[in-house]
file protein.txt (compact mmCIF, C-alpha atoms)
# COMPACT_ATOMS: atom_id res chain seq x y z
CA MET K 6 13.48 -12.63 93.05
CA SER K 7 13.25 -12.56 96.85
CA ASP K 8 10.02 -10.56 96.57
CA ASN K 9 8.48 -13.43 94.62
CA LYS K 10 9.54 -15.93 97.26
CA GLU K 11 8.11 -13.70 99.99
CA LEU K 12 4.81 -13.35 98.13
CA GLU K 13 4.66 -17.11 97.58
CA ARG K 14 5.30 -17.71 101.29
CA GLU K 15 2.58 -15.24 102.31
CA LEU K 16 0.15 -16.78 99.85
CA SER K 17 0.96 -20.22 101.16
CA GLU K 18 0.34 -19.09 104.74
CA LEU K 19 -2.99 -17.48 103.80
CA LEU K 20 -4.07 -20.64 102.05
CA MET K 21 -3.06 -22.75 105.02
CA GLU K 22 -5.04 -20.52 107.39
CA GLN K 23 -8.20 -21.08 105.40
CA ASP K 24 -9.94 -24.29 106.29
CA ASN K 25 -11.22 -25.34 102.87
CA GLY K 26 -11.34 -29.02 103.62
CA SER K 27 -8.73 -31.65 102.96
CA GLU K 28 -4.99 -31.12 102.63
CA GLU K 29 -5.16 -32.13 98.97
CA GLU K 30 -7.74 -29.43 98.20
CA ARG K 31 -5.58 -26.80 99.92
CA ARG K 32 -2.49 -27.81 97.93
CA GLU K 33 -4.43 -27.74 94.66
CA GLU K 34 -5.75 -24.26 95.46
CA GLU K 35 -2.23 -23.12 96.32
CA ARG K 36 -0.87 -24.40 93.00
CA ARG K 37 -3.70 -22.74 91.10
CA ARG K 38 -3.05 -19.31 92.64
CA LEU K 39 0.73 -19.23 92.17
CA SER K 40 2.00 -17.45 89.10
CA PRO K 41 3.68 -19.59 86.44
CA LYS K 42 7.46 -19.80 86.58
CA TYR K 43 7.87 -20.18 82.82
CA GLU K 44 6.87 -18.16 79.80
CA ILE K 45 6.13 -19.44 76.34
CA ARG K 46 7.59 -17.28 73.60
CA VAL K 47 7.04 -17.68 69.91
CA GLN K 48 9.72 -16.60 67.47
CA THR K 49 8.36 -14.98 64.35
CA THR K 50 9.98 -14.13 61.05
CA LEU K 51 8.38 -10.67 60.90
CA ASP K 52 8.62 -8.10 63.65
CA PRO K 53 5.24 -6.35 63.98
CA ILE K 54 6.87 -3.18 65.36
CA VAL K 55 9.15 -2.92 62.34
CA GLU K 56 6.35 -3.58 59.88
CA GLU K 57 4.07 -1.00 61.50
CA THR K 58 6.85 1.60 61.72
CA ARG K 59 7.68 1.16 58.04
CA LYS K 60 4.02 1.52 57.12
CA TYR K 61 3.64 4.72 59.16
CA ARG K 62 6.82 6.17 57.65
CA THR K 63 5.32 5.81 54.19
CA MET K 64 2.40 7.99 55.35
CA ALA K 65 4.16 10.60 57.50
CA LYS K 66 7.53 11.78 58.73
CA GLU K 67 8.52 10.75 62.24
CA ILE K 68 9.21 13.78 64.47
CA ASP K 69 11.71 12.45 66.99
CA GLY K 70 13.13 9.34 65.30
CA ARG K 71 12.72 7.18 68.38
CA TYR K 72 12.50 3.99 66.33
CA ASP K 73 15.58 4.66 64.19
CA ASP K 74 17.97 2.67 66.41
CA TYR K 75 15.51 -0.20 66.67
CA LEU K 76 15.09 -0.37 62.90
CA LYS K 77 18.86 -0.29 62.38
CA LYS K 78 19.28 -3.23 64.77
CA THR K 79 16.59 -5.25 63.03
CA GLU K 80 18.05 -4.53 59.60
CA GLN K 81 21.46 -5.77 60.81
CA THR K 82 19.97 -8.99 62.17
CA ASP K 83 18.03 -9.48 58.91
CA LYS K 84 21.25 -9.16 56.89
CA GLU K 85 23.07 -11.59 59.20
CA ARG K 86 20.21 -14.07 58.92
CA GLU K 87 20.28 -13.86 55.11
CA ARG K 88 24.03 -14.54 55.07
CA SER K 89 23.68 -17.64 57.23
CA GLU K 90 20.99 -19.16 55.01

call {"tool": "encode", "arguments": {"input": "protein.txt", "output": "C-alpha cells"}}
result
Amino acid sequence: MSDNKELERELSELLMEQDNGSEEERREEERRRLSPKYEIRVQTTLDPIVEETRKYRTMAKEIDGRYDDYLKKTEQTDKERERSE
C-alpha cells in the first residue's frame, strides 16, 4: 500500500514540474493518470473455469488433477446455494 502512495507522490511531483498551463489543467492531468482505487466485479451464476474444466474432462483425462480441489469447492458452494433457495 505504501508503494502506491509513493508512486502517486512521485507522479504528482512529475506533473507539478511540467508547466502545462493552468493549475486546473495540471490537476485534471494528474487525476487522469492515477490508477483507479476501485474495481467493478460482476457476480455470475456460472464459473467459466468450472465449465471449461468439465468440458475438457469429457474429452481427456487430467494428468495432475490440479483443478480437483477447485471443483470440489465450487460443488460445495453450489449445494449450499441450492439449499438456501

call {"tool": "atom_distance", "arguments": {"input": "protein.txt", "atom1": "CA of Glu11 in chain K", "atom2": "CA of Lys42 in chain K"}}
result
14.7 Å

call {"tool": "closest_residue", "arguments": {"input": "protein.txt", "among": "K:Lys78, K:Arg31, K:Arg36, K:Lys66", "to": "Asp52 in chain K", "atoms": "all atoms listed in the file"}}
result
K:Lys78

call {"tool": "atom_distance", "arguments": {"input": "protein.txt", "atom1": "CA of Ala65 in chain K", "atom2": "CA of Glu80 in chain K"}}
result
20.6 Å

call {"tool": "residues_around", "arguments": {"input": "protein.txt", "residues": "Leu39 in chain K", "least_positions_apart": "4", "cutoff": "9 Å", "atoms": "only C-alpha atoms", "output": "mmCIF file with C-alpha atoms, in the coordinates of the input"}}
result
data_model
loop_
_atom_site.group_PDB
_atom_site.id
_atom_site.type_symbol
_atom_site.label_atom_id
_atom_site.label_comp_id
_atom_site.auth_asym_id
_atom_site.auth_seq_id
_atom_site.Cartn_x
_atom_site.Cartn_y
_atom_site.Cartn_z
ATOM 1 C CA GLU K 13 4.660 -17.110 97.580
ATOM 2 C CA LEU K 16 0.150 -16.780 99.850
ATOM 3 C CA GLU K 34 -5.750 -24.260 95.460
ATOM 4 C CA GLU K 35 -2.230 -23.120 96.320
#

call {"tool": "axis_aligned_box", "arguments": {"input": "protein.txt", "around": "range 40-59 of chain K", "padding_each_side": "6 Å", "output": "JSON"}}
result
{"center_x": 6.0, "center_y": -9.3, "center_z": 73.6, "size_x": 20.0, "size_y": 33.8, "size_z": 43.1}

call {"tool": "atom_distance", "arguments": {"input": "protein.txt", "atom1": "CA of Val55 in chain K", "atom2": "CA of Lys84 in chain K"}}
result
14.7 Å

call {"tool": "closest_residue", "arguments": {"input": "protein.txt", "among": "K:Thr58, K:Thr50, K:Ser7, K:Thr63", "to": "Glu87 in chain K", "atoms": "all atoms listed in the file"}}
result
K:Thr50

call {"tool": "closest_residue", "arguments": {"input": "protein.txt", "among": "K:Arg14, K:Thr79, K:Asp73, K:Leu20", "to": "Pro53 in chain K", "atoms": "only C-alpha atoms"}}
result
K:Thr79
